[in-house]
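Asks: Below are the C-alpha cells for one structure; questions will follow.
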Amino acid sequence: MTLPEVSIVIPCLNEEKNILALLDAILHQTYSHSKLEVIISDGLSEDQTRTLIADYQTQHPELHITVLDNPVRRIPTGLNQAIKEARAQIITRMDAHAMPAADYVERSVDALKAGLGDNVGGVIDVKPGADSLMARAISIATAHPLGVGDAKYRWATKAGEADTVAFGTYYKAKVEEIGYYNEELSANEDYEFNSRLRAAGGKIWIDPQIRAVYYSRPTLKTLAKQYFSYGFWKFRMLRHNPETLRWRQALPPIFVLGILMLLLLSAFLSWARVLLLLCLGVYLLILTAASAKIAFNNKDLRLVFGIPLAIICMHFCWGAGFWWSILNPKKEGN
C-alpha cells in the first residue's frame, strides 16, 4: 500500500454538530485522496459523533479515516496520539470546530516544501456559533485586534513570520526533534509547541491565502468559560516558558488587577473613585467607538452593544483565569 503524504490529525469530543461538515471539507480538498489520511483522536464522545464518523467511512471509502480513543480527553494528548499513529511524514493539525478551505492542505504543503517555515498556517475566518445577535457579536470580537491583540492568525493580510498559527502543517520529524505537545496543558498547547519550535531555530509562517472557517462560542457563558480556561492555562505554560509572554497576553491580567485594586481603594479614597471611573470610561469609549464602525459597516446598530460585551467578557475572564491559576497552583482549569 502506498503511504500517505499528509496525515490530518484532529482532536475531537462530542462534535456531532460539526464532524460531518469537517469531513466533507477534507473530502473536497484539492489534494489527492490517495495522499491523505485522517486520524481522529476522540475523547470517548457521548453523543452521535462516533456513529456519524463510522457512517461516513462506509459512504466514502476513498478517504482513509482512523479513529483513536482518547480517554484523557485533553487536546494535546489527542494530538500526540494521532501524530504517533500517523503514517505520513507531513502533519496538518486541524480542529473539529474548523472547516478548511478546499486548497488548505495544498497551499500549506507547498509553503512547507518551499521552506517558507517549519510550521505553516493561515488565517481563520471566525463565524458565529449560532444564529443569534450575541453569537454574531462574539464572532466579530474574537477576530478583532481589540479582542485578540496581535494574534496574526486572526487578521493577517500579508504573508510573513508569526509567533504562532492555529492549524499548522509541519514535518513529523520536526515534532520528534523538539518534542510532542505538552500533555500537562488543557489549552495554549499550540502556542507552547510553537514557542519551542522557535527556540530551536524554527520559523512559523502565516499566509492569508491559506484559510479555514472557525465557529466561535455561541453565548457569553461559553465564551467566558473558554477565555477563563485560556488565562488559567496560559500561566501554567508560562511557569515553564516565561520568555514566551507577549504584550497582548500580559494586558488582561494587569487590567483586571488594576480595576480590582481601584475598586477596593475607591471605598476609602476619592481619587481612586475618580481614576476608576476615568479608566472604565476610556475603556468603554474605545470599545464603543470601534464597535460603532463595525456596526455601521454591518448595518446593524445592535452590535454596538454586543461587541463590547463580548470583548469585556474575553478580557476579564482571561485575566481572572490567569490570576486564579496563580492563586491556586494545584487546581485544574475548566
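Residue numbering restarts at 1 for every chain of the C-alpha cells, chains are lettered A, B, ... in their displayed order, and ligands are numbered from 1 as they appear.
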If we count only C-alpha atoms, what is near range 101-109 of chain A at a cut-off of 7 Å, once residues fewer than 4 positions away on the same chain are taken out, given as JSON, numbers by chain?
Replies: {"A": [25, 28, 29, 30, 31, 113, 120, 121, 169, 210, 211, 212]}
Asks: Could the residues in this selection be saved with N, CA and C atoms as a JSON list (two decimals), in the first residue's frame?
Replies:
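See out29.json below for the written result:
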[["chain", "number", "residue", "atom", "x", "y", "z"],
["A", 25, "ALA", "N", -15.30, 18.84, 4.22],
["A", 25, "ALA", "CA", -14.29, 19.82, 3.82],
["A", 25, "ALA", "C", -12.97, 19.13, 3.48],
["A", 28, "HIS", "N", -13.26, 17.24, 0.10],
["A", 28, "HIS", "CA", -13.22, 18.11, -1.07],
["A", 28, "HIS", "C", -11.93, 18.91, -1.19],
["A", 29, "GLN", "N", -10.89, 18.48, -0.49],
["A", 29, "GLN", "CA", -9.59, 19.13, -0.64],
["A", 29, "GLN", "C", -9.05, 18.91, -2.05],
["A", 30, "THR", "N", -8.31, 19.89, -2.55],
["A", 30, "THR", "CA", -7.69, 19.76, -3.87],
["A", 30, "THR", "C", -6.52, 18.77, -3.83],
["A", 31, "TYR", "N", -6.07, 18.41, -2.66],
["A", 31, "TYR", "CA", -5.00, 17.42, -2.50],
["A", 31, "TYR", "C", -5.58, 16.03, -2.77],
["A", 113, "LYS", "N", 7.08, 22.77, 1.82],
["A", 113, "LYS", "CA", 8.12, 22.20, 0.95],
["A", 113, "LYS", "C", 9.01, 23.28, 0.35],
["A", 120, "VAL", "N", 3.59, 25.87, 9.07],
["A", 120, "VAL", "CA", 2.91, 26.77, 8.15],
["A", 120, "VAL", "C", 1.41, 26.76, 8.45],
["A", 121, "GLY", "N", 0.83, 27.95, 8.51],
["A", 121, "GLY", "CA", -0.61, 28.05, 8.75],
["A", 121, "GLY", "C", -1.19, 29.26, 8.05],
["A", 169, "THR", "N", 0.86, 23.13, 9.61],
["A", 169, "THR", "CA", 1.35, 21.98, 8.84],
["A", 169, "THR", "C", 2.86, 21.92, 9.02],
["A", 210, "ILE", "N", -4.03, 30.92, 2.87],
["A", 210, "ILE", "CA", -4.39, 29.65, 3.50],
["A", 210, "ILE", "C", -5.47, 29.96, 4.52],
["A", 211, "ARG", "N", -6.67, 29.46, 4.29],
["A", 211, "ARG", "CA", -7.79, 29.91, 5.13],
["A", 211, "ARG", "C", -8.65, 28.73, 5.63],
["A", 212, "ALA", "N", -9.23, 28.96, 6.79],
["A", 212, "ALA", "CA", -10.17, 28.00, 7.36],
["A", 212, "ALA", "C", -11.24, 28.77, 8.11]]
Asks: DSSP says strand (DSSP E) for which residues of range 1-215 of chain A? Put them as a PyMOL selection string?
Replies: chain A and resi 6-12+36-42+65-69+90-93+98-100+119-127+160-161+169-171+204-215
Asks: Tell me, which residues of range 102-247 of chain A carry DSSP alpha helix (DSSP H), written as an mmCIF file with C-alpha atoms, in the first residue's frame?
Replies:
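And here's part.cif as it stands now:
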data_model
loop_
_atom_site.group_PDB
_atom_site.id
_atom_site.type_symbol
_atom_site.label_atom_id
_atom_site.label_comp_id
_atom_site.auth_asym_id
_atom_site.auth_seq_id
_atom_site.Cartn_x
_atom_site.Cartn_y
_atom_site.Cartn_z
ATOM 1 C CA TYR A 104 -5.892 24.467 2.631
ATOM 2 C CA VAL A 105 -3.732 21.339 2.594
ATOM 3 C CA GLU A 106 -2.301 22.006 -0.874
ATOM 4 C CA ARG A 107 -1.236 25.580 -0.085
ATOM 5 C CA SER A 108 0.149 24.583 3.319
ATOM 6 C CA VAL A 109 2.200 21.710 1.942
ATOM 7 C CA ASP A 110 3.524 23.846 -0.924
ATOM 8 C CA ALA A 111 4.704 26.515 1.525
ATOM 9 C CA LEU A 112 6.256 23.900 3.807
ATOM 10 C CA LYS A 113 8.119 22.204 0.953
ATOM 11 C CA LEU A 133 -27.139 38.563 17.716
ATOM 12 C CA MET A 134 -24.833 37.675 20.583
ATOM 13 C CA ALA A 135 -23.225 34.868 18.597
ATOM 14 C CA ARG A 136 -22.563 37.334 15.754
ATOM 15 C CA ALA A 137 -21.060 39.837 18.181
ATOM 16 C CA ILE A 138 -18.834 37.149 19.692
ATOM 17 C CA SER A 139 -17.562 36.043 16.272
ATOM 18 C CA ILE A 140 -16.592 39.644 15.451
ATOM 19 C CA ALA A 141 -14.993 40.234 18.846
ATOM 20 C CA PRO A 145 -7.397 43.157 17.367
ATOM 21 C CA LEU A 146 -9.075 44.731 20.414
ATOM 22 C CA GLY A 147 -10.138 41.252 21.437
ATOM 23 C CA VAL A 148 -7.146 39.165 20.415
ATOM 24 C CA LYS A 152 -1.918 37.332 13.366
ATOM 25 C CA TYR A 153 -3.762 34.140 12.540
ATOM 26 C CA ARG A 154 -6.977 36.048 13.275
ATOM 27 C CA TRP A 155 -6.495 39.028 10.970
ATOM 28 C CA LYS A 172 6.557 14.744 11.742
ATOM 29 C CA ALA A 173 10.327 14.604 12.104
ATOM 30 C CA LYS A 174 10.285 18.138 13.496
ATOM 31 C CA VAL A 175 7.871 17.056 16.250
ATOM 32 C CA GLU A 176 10.140 14.141 17.114
ATOM 33 C CA GLU A 177 13.075 16.565 17.203
ATOM 34 C CA ILE A 178 11.642 19.240 19.530
ATOM 35 C CA GLU A 189 -0.775 23.775 23.639
ATOM 36 C CA ASP A 190 -0.252 25.213 20.141
ATOM 37 C CA TYR A 191 1.463 28.335 21.440
ATOM 38 C CA GLU A 192 3.708 26.304 23.742
ATOM 39 C CA PHE A 193 4.619 23.940 20.910
ATOM 40 C CA ASN A 194 5.392 26.820 18.557
ATOM 41 C CA SER A 195 7.469 28.601 21.197
ATOM 42 C CA ARG A 196 9.705 25.539 21.460
ATOM 43 C CA LEU A 197 9.879 25.348 17.689
ATOM 44 C CA ARG A 198 11.050 28.967 17.500
ATOM 45 C CA ALA A 199 13.503 28.458 20.380
ATOM 46 C CA LEU A 220 -21.378 34.797 26.658
ATOM 47 C CA LYS A 221 -21.429 31.918 29.157
ATOM 48 C CA THR A 222 -19.497 29.563 26.881
ATOM 49 C CA LEU A 223 -17.179 32.405 25.810
ATOM 50 C CA ALA A 224 -16.462 33.212 29.468
ATOM 51 C CA LYS A 225 -15.605 29.571 30.189
ATOM 52 C CA GLN A 226 -13.334 29.391 27.139
ATOM 53 C CA TYR A 227 -11.358 32.528 27.973
ATOM 54 C CA PHE A 228 -11.113 31.734 31.682
ATOM 55 C CA SER A 229 -9.542 28.428 30.625
ATOM 56 C CA TYR A 230 -7.184 30.250 28.232
ATOM 57 C CA GLY A 231 -5.972 32.536 31.006
ATOM 58 C CA PHE A 232 -5.701 29.704 33.515
ATOM 59 C CA TRP A 233 -3.564 27.523 31.273
ATOM 60 C CA LYS A 234 -1.504 30.453 29.985
ATOM 61 C CA PHE A 235 0.009 30.897 33.443
ATOM 62 C CA ARG A 236 0.662 27.143 33.682
ATOM 63 C CA MET A 237 2.518 27.393 30.393
ATOM 64 C CA LEU A 238 4.468 30.486 31.473
ATOM 65 C CA ARG A 239 5.828 28.671 34.520
ATOM 66 C CA HIS A 240 7.845 26.568 32.090
ATOM 67 C CA TRP A 247 2.180 42.124 25.466
#
Asks: List every residue of range 159-219 of chain A that has an atom at most 8 Å from any atom of range 71-87 of chain A, giving for each one its closest atom pair and the distance in Å to one decimal, counting only C-alpha atoms, sorted by chain and then by ascending residue number, as a tab-separated table.
Replies:
residue	atom	partner	partner_atom	distance
A:Lys172	CA	A:Ile83	CA	7.3
A:Tyr180	CA	A:Asn80	CA	6.2
A:Tyr181	CA	A:Pro76	CA	5.4
A:Asn182	CA	A:Pro76	CA	6.2
A:Glu183	CA	A:Pro76	CA	5.2
A:Leu185	CA	A:Pro76	CA	7.2
A:Ser186	CA	A:Arg74	CA	5.8
A:Ala187	CA	A:Ile75	CA	7.6
A:Glu189	CA	A:Pro76	CA	6.3
Asks: Write out as a compact mmCIF listing (two decimals) with C-alpha atoms, in the first residue's frame each polymer residue whose atoms come within 12 Å of Leu27 in chain A, counting only C-alpha atoms; drop sequence neighbours fewer than 5 positions from it.
Replies:
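Written file, around-v5.txt:
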# COMPACT_ATOMS: atom_id res chain seq x y z
CA ILE A 8 -4.56 15.30 9.11
CA LEU A 20 -19.62 15.78 9.10
CA ALA A 21 -19.00 19.29 7.78
CA LEU A 22 -15.32 18.92 8.66
CA SER A 32 -5.32 13.86 -3.81
CA HIS A 33 -7.24 11.48 -1.52
CA SER A 34 -4.61 8.82 -2.14
CA LYS A 35 -2.05 11.09 -0.47
CA LEU A 36 -4.21 11.88 2.58
CA GLU A 37 -5.19 10.13 5.77
CA VAL A 38 -7.40 11.45 8.56
CA TYR A 56 -19.13 8.49 6.77
CA GLN A 57 -16.34 5.92 6.45
CA GLN A 59 -20.14 6.07 2.45
CA HIS A 60 -16.70 7.43 1.47
CA PRO A 61 -14.15 4.59 1.47
CA GLU A 62 -11.87 6.71 -0.74
CA LEU A 63 -10.99 8.80 2.32
CA HIS A 64 -8.85 6.87 4.80
CA ILE A 65 -10.10 7.64 8.33
CA MET A 99 -13.63 23.97 8.18
CA PRO A 100 -10.51 24.24 5.99
CA ALA A 101 -10.83 25.83 2.56
CA ALA A 102 -10.59 23.40 -0.37
CA ASP A 103 -6.96 24.31 -1.04
CA TYR A 104 -5.89 24.47 2.63
CA VAL A 105 -3.73 21.34 2.59
Asks: Check the smallest atom-to-atom distance from each of A:Thr66, A:Glu161, A:Ala200, A:Ser216 to His97 in chain A using only C-alpha atoms, then report the winner.
Replies: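 Comparing A:Thr66, A:Glu161, A:Ala200, A:Ser216 against His97 in chain A, the winner is A:Ser216.
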Asks: What is the distance between CA of Thr164 in chain A and CA of Asp42 in chain A, in Å to one decimal?
Replies: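 Going from CA of Thr164 in chain A over to CA of Asp42 in chain A covers 24.6 Å.
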